[in-house]
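A.B. asks: So I've got this file, structure_15.cif, and it contains mmCIF, C-alpha atoms:
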data_work
loop_
_atom_site.group_PDB
_atom_site.id
_atom_site.type_symbol
_atom_site.label_atom_id
_atom_site.label_comp_id
_atom_site.auth_asym_id
_atom_site.auth_seq_id
_atom_site.Cartn_x
_atom_site.Cartn_y
_atom_site.Cartn_z
ATOM 1 C CA MET A 1 -35.415 -7.895 -20.244
ATOM 2 C CA THR A 2 -37.688 -10.935 -19.993
ATOM 3 C CA PRO A 3 -37.520 -12.506 -16.549
ATOM 4 C CA LEU A 4 -37.215 -16.256 -16.303
ATOM 5 C CA THR A 5 -40.347 -18.212 -15.535
ATOM 6 C CA ASP A 6 -40.886 -20.004 -12.239
ATOM 7 C CA GLU A 7 -40.377 -23.342 -13.999
ATOM 8 C CA GLN A 8 -37.029 -22.228 -15.399
ATOM 9 C CA ILE A 9 -35.941 -21.004 -11.966
ATOM 10 C CA ASP A 10 -37.028 -24.329 -10.432
ATOM 11 C CA HIS A 11 -34.977 -26.090 -13.092
ATOM 12 C CA ILE A 12 -31.866 -24.078 -12.173
ATOM 13 C CA VAL A 13 -32.364 -24.665 -8.445
ATOM 14 C CA ALA A 14 -32.756 -28.400 -9.020
ATOM 15 C CA ASP A 15 -29.671 -28.434 -11.224
ATOM 16 C CA LEU A 16 -27.582 -26.565 -8.635
ATOM 17 C CA TYR A 17 -28.702 -29.044 -5.999
ATOM 18 C CA ALA A 18 -27.913 -31.954 -8.294
ATOM 19 C CA HIS A 19 -24.435 -30.518 -8.804
ATOM 20 C CA GLY A 20 -23.760 -30.588 -5.070
ATOM 21 C CA ILE A 21 -24.596 -27.023 -4.000
ATOM 22 C CA ARG A 22 -26.175 -27.592 -0.580
ATOM 23 C CA LEU A 23 -25.446 -24.279 1.160
ATOM 24 C CA GLU A 24 -28.607 -22.238 0.861
ATOM 25 C CA GLY A 25 -26.903 -18.839 0.826
ATOM 26 C CA LEU A 26 -24.453 -19.932 -1.849
ATOM 27 C CA ARG A 27 -27.294 -21.444 -3.885
ATOM 28 C CA ASP A 28 -29.286 -18.200 -3.684
ATOM 29 C CA ASN A 29 -26.273 -16.215 -4.868
ATOM 30 C CA LEU A 30 -25.539 -18.568 -7.747
ATOM 31 C CA LEU A 31 -29.191 -18.711 -8.766
ATOM 32 C CA ASP A 32 -29.462 -14.936 -8.917
ATOM 33 C CA HIS A 33 -26.199 -14.590 -10.834
ATOM 34 C CA ILE A 34 -27.097 -17.336 -13.310
ATOM 35 C CA CYS A 35 -30.575 -15.861 -13.826
ATOM 36 C CA ILE A 36 -29.095 -12.443 -14.650
ATOM 37 C CA LEU A 37 -26.629 -13.917 -17.159
ATOM 38 C CA VAL A 38 -29.237 -16.181 -18.768
ATOM 39 C CA GLU A 39 -31.730 -13.317 -19.033
ATOM 40 C CA GLU A 40 -29.089 -11.133 -20.673
ATOM 41 C CA LYS A 41 -28.231 -13.818 -23.202
ATOM 42 C CA LEU A 42 -31.878 -14.648 -23.888
ATOM 43 C CA GLU A 43 -32.398 -10.988 -24.744
ATOM 44 C CA ALA A 44 -29.969 -11.488 -27.638
ATOM 45 C CA GLY A 45 -31.911 -14.553 -28.779
ATOM 46 C CA GLY A 46 -31.855 -18.301 -28.187
ATOM 47 C CA ASP A 47 -33.703 -20.788 -26.065
ATOM 48 C CA PHE A 48 -33.365 -21.272 -22.340
ATOM 49 C CA GLU A 49 -31.890 -24.792 -22.368
ATOM 50 C CA ARG A 50 -29.118 -23.904 -24.796
ATOM 51 C CA VAL A 51 -28.262 -20.599 -23.117
ATOM 52 C CA TYR A 52 -28.251 -22.188 -19.662
ATOM 53 C CA ALA A 53 -25.942 -24.940 -20.918
ATOM 54 C CA THR A 54 -23.427 -22.311 -22.060
ATOM 55 C CA VAL A 55 -23.636 -20.194 -18.908
ATOM 56 C CA ILE A 56 -23.238 -22.830 -16.214
ATOM 57 C CA PRO A 57 -19.738 -24.086 -17.187
ATOM 58 C CA THR A 58 -18.356 -20.548 -16.804
ATOM 59 C CA PHE A 59 -18.858 -20.872 -13.036
ATOM 60 C CA TYR A 60 -16.321 -23.631 -12.417
ATOM 61 C CA ARG A 61 -13.173 -25.330 -13.658
ATOM 62 C CA ARG A 62 -13.987 -29.003 -13.097
ATOM 63 C CA GLU A 63 -17.246 -29.351 -11.167
ATOM 64 C CA LEU A 64 -19.734 -26.879 -9.754
ATOM 65 C CA TYR A 65 -19.514 -28.265 -6.234
ATOM 66 C CA GLU A 66 -15.921 -27.034 -6.017
ATOM 67 C CA LEU A 67 -17.472 -23.644 -5.174
ATOM 68 C CA GLU A 68 -19.115 -25.162 -2.128
ATOM 69 C CA GLU A 69 -15.914 -26.964 -1.186
ATOM 70 C CA GLU A 70 -14.017 -23.686 -1.442
ATOM 71 C CA ALA A 71 -16.666 -21.884 0.657
ATOM 72 C CA LEU A 72 -16.497 -24.547 3.359
ATOM 73 C CA PHE A 73 -12.700 -24.571 3.258
ATOM 74 C CA LEU A 74 -12.501 -20.794 3.701
ATOM 75 C CA GLU A 75 -15.033 -21.008 6.520
ATOM 76 C CA SER A 76 -12.909 -23.638 8.246
ATOM 77 C CA LEU A 77 -9.911 -21.300 8.178
ATOM 78 C CA ARG A 78 -11.569 -18.586 10.180
ATOM 79 C CA GLY A 79 -10.247 -17.793 13.587
ATOM 80 C CA PRO A 80 -11.978 -18.150 16.926
ATOM 81 C CA HIS A 81 -15.166 -16.277 17.642
ATOM 82 C CA LEU A 82 -14.447 -12.679 18.563
ATOM 83 C CA VAL A 83 -16.219 -11.115 21.483
ATOM 84 C CA LEU A 84 -14.714 -7.760 22.521
ATOM 85 C CA SER A 85 -13.605 -4.776 20.519
ATOM 86 C CA ARG A 86 -10.049 -3.670 21.218
ATOM 87 C CA GLY A 87 -11.362 -0.408 22.622
ATOM 88 C CA TRP A 88 -13.621 -2.162 25.120
ATOM 89 C CA PHE A 89 -10.845 -4.570 26.001
ATOM 90 C CA PHE A 90 -8.618 -1.659 26.993
ATOM 91 C CA VAL A 91 -11.419 0.020 28.900
ATOM 92 C CA LEU A 92 -12.070 -3.186 30.848
ATOM 93 C CA ALA A 93 -8.368 -3.877 31.353
ATOM 94 C CA PHE A 94 -7.850 -0.371 32.631
ATOM 95 C CA ALA A 95 -10.906 -0.454 34.881
ATOM 96 C CA LEU A 96 -10.070 -3.850 36.366
ATOM 97 C CA VAL A 97 -6.280 -3.751 36.480
ATOM 98 C CA LEU A 98 -4.870 -0.279 36.493
ATOM 99 C CA ALA A 99 -7.544 2.089 37.761
ATOM 100 C CA PRO A 100 -7.896 0.642 41.289
ATOM 101 C CA TRP A 101 -4.141 0.804 41.856
ATOM 102 C CA LEU A 102 -3.803 4.249 40.414
ATOM 103 C CA ALA A 103 -6.627 5.424 42.664
ATOM 104 C CA PHE A 104 -5.137 3.672 45.696
ATOM 105 C CA PHE A 105 -1.647 5.048 45.233
ATOM 106 C CA ALA A 106 -2.921 8.528 44.381
ATOM 107 C CA GLN A 107 -4.851 8.659 47.626
ATOM 108 C CA TRP A 108 -1.950 7.193 49.582
ATOM 109 C CA PHE A 109 0.401 9.714 47.994
ATOM 110 C CA PHE A 110 -1.786 12.741 48.665
ATOM 111 C CA PHE A 111 -2.957 11.764 52.162
ATOM 112 C CA GLU A 112 0.247 9.949 53.206
ATOM 113 C CA ARG A 113 -1.591 6.966 54.592
ATOM 114 C CA PRO A 114 -3.234 3.829 53.192
ATOM 115 C CA VAL A 115 -6.900 4.227 52.296
ATOM 116 C CA ILE A 116 -7.749 0.913 53.849
ATOM 117 C CA ASN A 117 -6.587 -0.340 57.187
ATOM 118 C CA ILE A 118 -6.756 -4.094 57.187
ATOM 119 C CA PRO A 119 -4.354 -6.757 58.494
ATOM 120 C CA TYR A 120 -1.801 -7.994 55.940
ATOM 121 C CA ALA A 121 -2.720 -5.075 53.635
ATOM 122 C CA LEU A 122 0.855 -4.770 52.391
ATOM 123 C CA ASP A 123 1.080 -8.500 51.661
ATOM 124 C CA ALA A 124 -2.199 -8.299 49.796
ATOM 125 C CA ILE A 125 -0.920 -5.372 47.778
ATOM 126 C CA GLY A 126 2.297 -7.223 47.009
ATOM 127 C CA TRP A 127 0.447 -10.307 45.753
ATOM 128 C CA ALA A 128 -1.965 -8.180 43.763
ATOM 129 C CA VAL A 129 0.879 -6.307 42.076
ATOM 130 C CA ALA A 130 2.602 -9.605 41.267
ATOM 131 C CA LEU A 131 -0.588 -11.018 39.799
ATOM 132 C CA ASP A 132 -1.086 -7.847 37.781
ATOM 133 C CA VAL A 133 2.196 -8.283 35.917
ATOM 134 C CA TYR A 134 0.763 -10.758 33.440
ATOM 135 C CA PRO A 135 -2.345 -8.731 32.496
ATOM 136 C CA LEU A 136 -0.140 -5.638 32.240
ATOM 137 C CA LEU A 137 2.222 -7.531 29.964
ATOM 138 C CA THR A 138 -0.774 -8.450 27.829
ATOM 139 C CA VAL A 139 -1.837 -4.831 27.543
ATOM 140 C CA ILE A 140 1.688 -3.702 26.715
ATOM 141 C CA ILE A 141 2.028 -6.358 24.020
ATOM 142 C CA LEU A 142 -1.290 -5.287 22.535
ATOM 143 C CA PHE A 143 -0.089 -1.720 22.358
ATOM 144 C CA LEU A 144 3.278 -2.615 20.882
ATOM 145 C CA THR A 145 2.053 -5.142 18.310
ATOM 146 C CA PRO A 146 -1.246 -3.767 17.045
ATOM 147 C CA ASN A 147 -1.037 -5.504 13.676
ATOM 148 C CA ARG A 148 -0.605 -8.933 15.149
ATOM 149 C CA PHE A 149 -4.094 -9.053 16.537
ATOM 150 C CA ASP A 150 -7.531 -8.557 15.236
ATOM 151 C CA PRO A 151 -9.402 -5.535 16.507
ATOM 152 C CA LEU A 152 -11.577 -8.024 18.353
ATOM 153 C CA ILE A 153 -10.109 -10.259 20.981
ATOM 154 C CA PRO A 154 -10.809 -14.012 20.830
ATOM 155 C CA TRP A 155 -11.767 -15.679 24.108
ATOM 156 C CA GLY A 156 -8.916 -18.162 24.106
ATOM 157 C CA SER A 157 -6.361 -15.539 23.258
ATOM 158 C CA LYS A 158 -7.128 -13.445 26.315
ATOM 159 C CA ILE A 159 -5.157 -15.793 28.534
ATOM 160 C CA LEU A 160 -2.383 -16.630 26.098
ATOM 161 C CA LEU A 161 -2.036 -13.185 24.596
ATOM 162 C CA GLY A 162 0.877 -12.184 26.760
ATOM 163 C CA LEU A 163 2.709 -15.480 26.400
ATOM 164 C CA LYS A 164 2.389 -16.218 22.683
ATOM 165 C CA PRO A 165 4.520 -13.373 21.340
ATOM 166 C CA LEU A 166 7.188 -14.198 23.931
ATOM 167 C CA ILE A 167 7.289 -17.804 22.766
ATOM 168 C CA ARG A 168 7.559 -16.606 19.190
ATOM 169 C CA VAL A 169 10.362 -14.218 20.036
ATOM 170 C CA LEU A 170 12.288 -16.809 22.027
ATOM 171 C CA SER A 171 11.897 -19.624 19.519
ATOM 172 C CA GLN A 172 12.882 -17.698 16.400
ATOM 173 C CA PRO A 173 16.179 -16.135 15.373
ATOM 174 C CA ALA A 174 16.215 -12.422 16.021
ATOM 175 C CA ILE A 175 17.324 -11.579 12.488
ATOM 176 C CA ILE A 176 16.326 -13.309 9.262
ATOM 177 C CA MET B 1 -4.066 -7.496 -20.174
ATOM 178 C CA VAL B 2 -6.029 -9.507 -17.627
ATOM 179 C CA TYR B 3 -4.117 -10.168 -14.415
ATOM 180 C CA SER B 4 -3.411 -13.754 -13.390
ATOM 181 C CA THR B 5 -5.392 -15.567 -10.724
ATOM 182 C CA GLU B 6 -2.245 -15.984 -8.634
ATOM 183 C CA LEU B 7 -1.842 -12.228 -8.385
ATOM 184 C CA LEU B 8 -5.469 -11.613 -7.508
ATOM 185 C CA LYS B 9 -6.021 -14.435 -5.053
ATOM 186 C CA GLY B 10 -4.648 -12.690 -1.999
ATOM 187 C CA THR B 11 -6.391 -9.424 -2.771
ATOM 188 C CA LEU B 12 -9.953 -10.547 -3.332
ATOM 189 C CA LYS B 13 -11.138 -10.001 0.237
ATOM 190 C CA THR B 14 -9.628 -6.534 0.223
ATOM 191 C CA ILE B 15 -11.307 -5.682 -3.074
ATOM 192 C CA VAL B 16 -14.709 -6.858 -1.859
ATOM 193 C CA LEU B 17 -14.410 -5.116 1.515
ATOM 194 C CA LYS B 18 -13.330 -1.862 -0.130
ATOM 195 C CA LEU B 19 -16.192 -1.975 -2.638
ATOM 196 C CA LEU B 20 -18.689 -2.582 0.139
ATOM 197 C CA ALA B 21 -17.157 0.255 2.150
ATOM 198 C CA ASP B 22 -17.680 2.585 -0.816
ATOM 199 C CA ASN B 23 -21.074 1.338 -1.927
ATOM 200 C CA LYS B 24 -22.986 0.550 1.268
ATOM 201 C CA LYS B 25 -24.688 -2.580 -0.090
ATOM 202 C CA MET B 26 -24.069 -4.706 -3.166
ATOM 203 C CA TYR B 27 -25.012 -8.110 -4.531
ATOM 204 C CA GLY B 28 -22.694 -10.609 -6.184
ATOM 205 C CA TYR B 29 -23.271 -9.831 -9.837
ATOM 206 C CA GLU B 30 -23.055 -6.112 -9.094
ATOM 207 C CA ILE B 31 -19.641 -6.613 -7.447
ATOM 208 C CA THR B 32 -18.242 -8.452 -10.479
ATOM 209 C CA GLN B 33 -19.527 -5.759 -12.844
ATOM 210 C CA ARG B 34 -18.233 -2.914 -10.683
ATOM 211 C CA VAL B 35 -14.754 -4.438 -10.586
ATOM 212 C CA LYS B 36 -14.734 -4.886 -14.362
ATOM 213 C CA GLU B 37 -15.887 -1.315 -14.822
ATOM 214 C CA LEU B 38 -13.393 0.227 -12.384
ATOM 215 C CA THR B 39 -10.439 -1.728 -13.772
ATOM 216 C CA GLN B 40 -11.465 -1.460 -17.418
ATOM 217 C CA ASP B 41 -11.777 -5.257 -17.642
ATOM 218 C CA LYS B 42 -8.239 -5.838 -16.364
ATOM 219 C CA ILE B 43 -9.558 -7.573 -13.281
ATOM 220 C CA GLN B 44 -12.401 -10.026 -13.740
ATOM 221 C CA ILE B 45 -13.612 -11.649 -10.570
ATOM 222 C CA THR B 46 -14.927 -15.111 -11.278
ATOM 223 C CA GLU B 47 -18.045 -16.381 -9.595
ATOM 224 C CA GLY B 48 -16.032 -19.353 -8.381
ATOM 225 C CA ALA B 49 -13.808 -17.030 -6.363
ATOM 226 C CA LEU B 50 -16.338 -14.388 -5.355
ATOM 227 C CA TYR B 51 -19.079 -16.445 -3.739
ATOM 228 C CA PRO B 52 -16.867 -18.583 -1.504
ATOM 229 C CA THR B 53 -15.198 -15.343 -0.397
ATOM 230 C CA LEU B 54 -18.526 -13.674 0.367
ATOM 231 C CA HIS B 55 -19.568 -16.786 2.281
ATOM 232 C CA SER B 56 -16.359 -16.633 4.278
ATOM 233 C CA LEU B 57 -16.749 -12.908 5.025
ATOM 234 C CA GLU B 58 -20.275 -13.556 6.242
ATOM 235 C CA ALA B 59 -19.116 -16.440 8.441
ATOM 236 C CA ASP B 60 -16.437 -14.160 9.893
ATOM 237 C CA GLY B 61 -19.079 -11.556 10.757
ATOM 238 C CA LEU B 62 -17.442 -8.950 8.531
ATOM 239 C CA VAL B 63 -20.502 -8.533 6.318
ATOM 240 C CA THR B 64 -24.203 -8.635 6.974
ATOM 241 C CA THR B 65 -26.813 -9.664 4.448
ATOM 242 C CA GLU B 66 -30.302 -8.672 3.548
ATOM 243 C CA THR B 67 -32.430 -10.445 1.004
ATOM 244 C CA GLU B 68 -34.778 -9.172 -1.632
ATOM 245 C CA TYR B 69 -37.218 -11.412 -3.466
ATOM 246 C CA ILE B 70 -37.280 -10.978 -7.203
ATOM 247 C CA GLY B 71 -40.154 -13.175 -8.220
ATOM 248 C CA LYS B 72 -39.166 -16.629 -7.134
ATOM 249 C CA ARG B 73 -35.485 -15.988 -6.669
ATOM 250 C CA VAL B 74 -33.626 -14.355 -3.812
ATOM 251 C CA ARG B 75 -31.062 -11.590 -4.183
ATOM 252 C CA LYS B 76 -28.590 -11.300 -1.311
ATOM 253 C CA TYR B 77 -27.260 -7.826 -0.631
ATOM 254 C CA TYR B 78 -24.037 -7.560 1.340
ATOM 255 C CA SER B 79 -22.990 -4.662 3.516
ATOM 256 C CA LEU B 80 -20.162 -4.177 5.992
ATOM 257 C CA SER B 81 -20.665 -4.860 9.683
ATOM 258 C CA VAL B 82 -18.926 -2.676 12.267
ATOM 259 C CA ALA B 83 -16.049 -5.157 12.424
ATOM 260 C CA GLY B 84 -16.047 -5.265 8.617
ATOM 261 C CA LYS B 85 -15.537 -1.506 8.391
ATOM 262 C CA THR B 86 -12.513 -1.734 10.648
ATOM 263 C CA ARG B 87 -11.165 -4.727 8.732
ATOM 264 C CA ALA B 88 -11.692 -2.969 5.389
ATOM 265 C CA LYS B 89 -9.516 -0.059 6.534
ATOM 266 C CA GLU B 90 -6.839 -2.439 7.803
ATOM 267 C CA LYS B 91 -6.811 -4.540 4.632
ATOM 268 C CA VAL B 92 -6.646 -1.528 2.325
ATOM 269 C CA SER B 93 -3.857 -0.017 4.363
ATOM 270 C CA GLU B 94 -1.981 -3.340 4.401
ATOM 271 C CA LEU B 95 -2.329 -3.770 0.632
ATOM 272 C CA ALA B 96 -1.275 -0.183 -0.054
ATOM 273 C CA SER B 97 1.830 -0.739 2.040
ATOM 274 C CA PHE B 98 2.493 -4.041 0.228
ATOM 275 C CA VAL B 99 2.182 -2.390 -3.196
ATOM 276 C CA GLN B 100 4.559 0.349 -2.069
ATOM 277 C CA THR B 101 7.077 -2.247 -0.894
ATOM 278 C CA MET B 102 6.792 -4.227 -4.131
ATOM 279 C CA THR B 103 7.295 -1.034 -6.097
ATOM 280 C CA LEU B 104 10.509 -0.451 -4.199
ATOM 281 C CA LEU B 105 11.585 -4.070 -4.392
ATOM 282 C CA LEU B 106 11.079 -4.337 -8.138
ATOM 283 C CA ASP B 107 12.376 -0.838 -8.718
ATOM 284 C CA LEU B 108 9.242 0.222 -10.551
ATOM 285 C CA LYS B 109 8.066 3.712 -11.342
ATOM 286 C CA PRO B 110 4.420 4.227 -10.331
ATOM 287 C CA LYS B 111 2.201 5.063 -13.309
ATOM 288 C CA ALA B 112 -1.507 5.361 -14.078
ATOM 289 C CA ILE B 113 -3.501 2.273 -15.089
#
Starting from the coordinates I provided, produce the structure as structure tokens.

C.D. replies:
Amino acid sequence: MTPLTDEQIDHIVADLYAHGIRLEGLRDNLLDHICILVEEKLEAGGDFERVYATVIPTFYRRELYELEEEALFLESLRGPHLVLSRGWFFVLAFALVLAPWLAFFAQWFFFERPVINIPYALDAIGWAVALDVYPLLTVIILFLTPNRFDPLIPWGSKILLGLKPLIRVLSQPAII
Amino acid sequence: MVYSTELLKGTLKTIVLKLLADNKKMYGYEITQRVKELTQDKIQITEGALYPTLHSLEADGLVTTETEYIGKRVRKYYSLSVAGKTRAKEKVSELASFVQTMTLLLDLKPKAI
């Protein structure tokens, strides 16, 4: 197969740009694809200009830049940036929320006395347990609704994770 | 019979992710040809659908790219990221379940292509 010349490639790049393809990655992809198709057709005979003119309309319905519009539209639909894998989220949640209390109560249970002896310890424990309800609810919801969430947890969702499914449940009829 | 665009639209990401999961790294033209070959021309992915989808997968961090220079032009190879591998499994599983449900719903008997 005869590869296209540098001038022919420059011509295609300029044409793509003229047709509104500004995203470099998309332009590289289209250029490569067009080059392959043009080279295949040139192998069967014909001149570059004519072959190129028949290949390029097969890439779009109305205008070539609709590909770029579609790419940008799909990009705009993507969710928030994801930072933690679900596995690490559970490890962290367990380490920060559950593990200290499990360790505390295990020691208290086995030695029949609190590990720490500080004033207002029971009040502190009470508040801590109360404040743990929401993170625990989050963890439980994650376990019970695995398909609702991406395997990676978005930053913003960490806080709202426990509340959002409840709002959905309360605001929708139970049976459709 | 070539399937309609409406039928294929919701499955394109799954198709691309699955192909990348099976083939390590692929470039755009290769993906279109592989789909044609595997489906005996029944599914033809258009460039107008494929490249925006690849762009979106890259923006989502589900695929990574590496480039190869072929003379003056650049060929972009796509491969799955760690998150992409997980997503590929989820999407395939979701689509398989959907097909099963549709089979039940439409009272169809599964048969070979």

A.B. asks: Compile the residues of chain A that lie within 10 Å of chain B, evaluated using only C-alpha atoms, and express the compilation as a PyMOL selection string.

C.D. replies: chain A and resi 3-7+9-10+13+23+25-37+58-61+64-82+85+147+150-152

A.B. asks: Would you write out those residues with C-alpha atoms, as a CSV table (one decimal), keeping the file's coordinate frame?

C.D. replies:
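Contents of again01.csv, as written:
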chain,number,residue,atom,x,y,z
A,3,PRO,CA,-37.5,-12.5,-16.5
A,4,LEU,CA,-37.2,-16.3,-16.3
A,5,THR,CA,-40.3,-18.2,-15.5
A,6,ASP,CA,-40.9,-20.0,-12.2
A,7,GLU,CA,-40.4,-23.3,-14.0
A,9,ILE,CA,-35.9,-21.0,-12.0
A,10,ASP,CA,-37.0,-24.3,-10.4
A,13,VAL,CA,-32.4,-24.7,-8.4
A,23,LEU,CA,-25.4,-24.3,1.2
A,25,GLY,CA,-26.9,-18.8,0.8
A,26,LEU,CA,-24.5,-19.9,-1.8
A,27,ARG,CA,-27.3,-21.4,-3.9
A,28,ASP,CA,-29.3,-18.2,-3.7
A,29,ASN,CA,-26.3,-16.2,-4.9
A,30,LEU,CA,-25.5,-18.6,-7.7
A,31,LEU,CA,-29.2,-18.7,-8.8
A,32,ASP,CA,-29.5,-14.9,-8.9
A,33,HIS,CA,-26.2,-14.6,-10.8
A,34,ILE,CA,-27.1,-17.3,-13.3
A,35,CYS,CA,-30.6,-15.9,-13.8
A,36,ILE,CA,-29.1,-12.4,-14.6
A,37,LEU,CA,-26.6,-13.9,-17.2
A,58,THR,CA,-18.4,-20.5,-16.8
A,59,PHE,CA,-18.9,-20.9,-13.0
A,60,TYR,CA,-16.3,-23.6,-12.4
A,61,ARG,CA,-13.2,-25.3,-13.7
A,64,LEU,CA,-19.7,-26.9,-9.8
A,65,TYR,CA,-19.5,-28.3,-6.2
A,66,GLU,CA,-15.9,-27.0,-6.0
A,67,LEU,CA,-17.5,-23.6,-5.2
A,68,GLU,CA,-19.1,-25.2,-2.1
A,69,GLU,CA,-15.9,-27.0,-1.2
A,70,GLU,CA,-14.0,-23.7,-1.4
A,71,ALA,CA,-16.7,-21.9,0.7
A,72,LEU,CA,-16.5,-24.5,3.4
A,73,PHE,CA,-12.7,-24.6,3.3
A,74,LEU,CA,-12.5,-20.8,3.7
A,75,GLU,CA,-15.0,-21.0,6.5
A,76,SER,CA,-12.9,-23.6,8.2
A,77,LEU,CA,-9.9,-21.3,8.2
A,78,ARG,CA,-11.6,-18.6,10.2
A,79,GLY,CA,-10.2,-17.8,13.6
A,80,PRO,CA,-12.0,-18.2,16.9
A,81,HIS,CA,-15.2,-16.3,17.6
A,82,LEU,CA,-14.4,-12.7,18.6
A,85,SER,CA,-13.6,-4.8,20.5
A,147,ASN,CA,-1.0,-5.5,13.7
A,150,ASP,CA,-7.5,-8.6,15.2
A,151,PRO,CA,-9.4,-5.5,16.5
A,152,LEU,CA,-11.6,-8.0,18.4

A.B. asks: Give me, please, the distance in Å between CA of Leu95 in chain B and CA of Leu80 in chain B, quoted to one decimal.

C.D. replies: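 A separation of 18.6 Å between them.
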
A.B. asks: Could you tell me how far CA of Val38 in chain A lies from CA of Val51 in chain A, in Å and to one decimal?

C.D. replies: 6.3 Å

A.B. asks: Skip range 3-7 of chain B itself and residues of its chain fewer than 6 positions away, then list as a list in words all residues within 10 Å of it, counting all atoms listed in the file.

C.D. replies: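 Here the answer would be Asp41, Lys42, Ile43, Gln44, Ile45, Thr46 and Ala49 of chain B.
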
A.B. asks: Figure out the distance between CA of Val92 in chain B and CA of Val91 in chain A, please, to one decimal in Å.

C.D. replies: 27.0 Å

A.B. asks: How big is the axis-aligned box around the listed atoms of range 19-33 of chain B once 5 Å is added on each side, and where is its centre? Give both in Å to one decimal, as lines of an AutoDock Vina configuration file.

C.D. replies:
center_x = -20.6
center_y = -4.0
center_z = -5.3
size_x = 18.8
size_y = 23.2
size_z = 25.0

A.B. asks: A:Ala18, A:Val97, A:Ala103, A:Met1: which is nearest Gly45 in chain A, counting all atoms listed in the file?

C.D. replies: A:Met1

A.B. asks: Translate the PyMOL selection byres ((chain B and resi 18) around 12), as applied to the file shown, into an explicit residue set as a PDB file with C-alpha atoms, in the coordinates of the input.

C.D. replies:
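What ended up in out.pdb:
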ATOM      1  CA  THR B  11      -6.391  -9.424  -2.771  1.00  0.00           C
ATOM      2  CA  LEU B  12      -9.953 -10.547  -3.332  1.00  0.00           C
ATOM      3  CA  LYS B  13     -11.138 -10.001   0.237  1.00  0.00           C
ATOM      4  CA  THR B  14      -9.628  -6.534   0.223  1.00  0.00           C
ATOM      5  CA  ILE B  15     -11.307  -5.682  -3.074  1.00  0.00           C
ATOM      6  CA  VAL B  16     -14.709  -6.858  -1.859  1.00  0.00           C
ATOM      7  CA  LEU B  17     -14.410  -5.116   1.515  1.00  0.00           C
ATOM      8  CA  LEU B  19     -16.192  -1.975  -2.638  1.00  0.00           C
ATOM      9  CA  LEU B  20     -18.689  -2.582   0.139  1.00  0.00           C
ATOM     10  CA  ALA B  21     -17.157   0.255   2.150  1.00  0.00           C
ATOM     11  CA  ASP B  22     -17.680   2.585  -0.816  1.00  0.00           C
ATOM     12  CA  ASN B  23     -21.074   1.338  -1.927  1.00  0.00           C
ATOM     13  CA  LYS B  24     -22.986   0.550   1.268  1.00  0.00           C
ATOM     14  CA  LYS B  25     -24.688  -2.580  -0.090  1.00  0.00           C
ATOM     15  CA  MET B  26     -24.069  -4.706  -3.166  1.00  0.00           C
ATOM     16  CA  ILE B  31     -19.641  -6.613  -7.447  1.00  0.00           C
ATOM     17  CA  ARG B  34     -18.233  -2.914 -10.683  1.00  0.00           C
ATOM     18  CA  VAL B  35     -14.754  -4.438 -10.586  1.00  0.00           C
ATOM     19  CA  LEU B  62     -17.442  -8.950   8.531  1.00  0.00           C
ATOM     20  CA  VAL B  63     -20.502  -8.533   6.318  1.00  0.00           C
ATOM     21  CA  SER B  79     -22.990  -4.662   3.516  1.00  0.00           C
ATOM     22  CA  LEU B  80     -20.162  -4.177   5.992  1.00  0.00           C
ATOM     23  CA  GLY B  84     -16.047  -5.265   8.617  1.00  0.00           C
ATOM     24  CA  LYS B  85     -15.537  -1.506   8.391  1.00  0.00           C
ATOM     25  CA  THR B  86     -12.513  -1.734  10.648  1.00  0.00           C
ATOM     26  CA  ARG B  87     -11.165  -4.727   8.732  1.00  0.00           C
ATOM     27  CA  ALA B  88     -11.692  -2.969   5.389  1.00  0.00           C
ATOM     28  CA  LYS B  89      -9.516  -0.059   6.534  1.00  0.00           C
ATOM     29  CA  GLU B  90      -6.839  -2.439   7.803  1.00  0.00           C
ATOM     30  CA  LYS B  91      -6.811  -4.540   4.632  1.00  0.00           C
ATOM     31  CA  VAL B  92      -6.646  -1.528   2.325  1.00  0.00           C
ATOM     32  CA  SER B  93      -3.857  -0.017   4.363  1.00  0.00           C
ATOM     33  CA  LEU B  95      -2.329  -3.770   0.632  1.00  0.00           C
TER      34      LEU B  95
END

A.B. asks: With distances taken over all atoms listed in the file, which residue among A:Ala44, A:Leu16, A:Leu98, A:Ala106 lies nearest Ala128 in chain A?

C.D. replies: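 Of A:Ala44, A:Leu16, A:Leu98, A:Ala106, the one nearest Ala128 in chain A is A:Leu98, counting all atoms listed in the file.
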
A.B. asks: I'd like to know which of A:His11, A:Glu63, A:His19, A:Thr2 is closest to Glu39 in chain A, using all atoms listed in the file.

C.D. replies: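 Closest candidate: A:Thr2.
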
A.B. asks: Go through B:Ser81, B:Val2, B:Ser97, B:Lys9 and flag the residue nearest Thr39 in chain B, using all atoms listed in the file for the distances.

C.D. replies: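 Nearest candidate to Thr39 in chain B out of B:Ser81, B:Val2, B:Ser97, B:Lys9: B:Val2.
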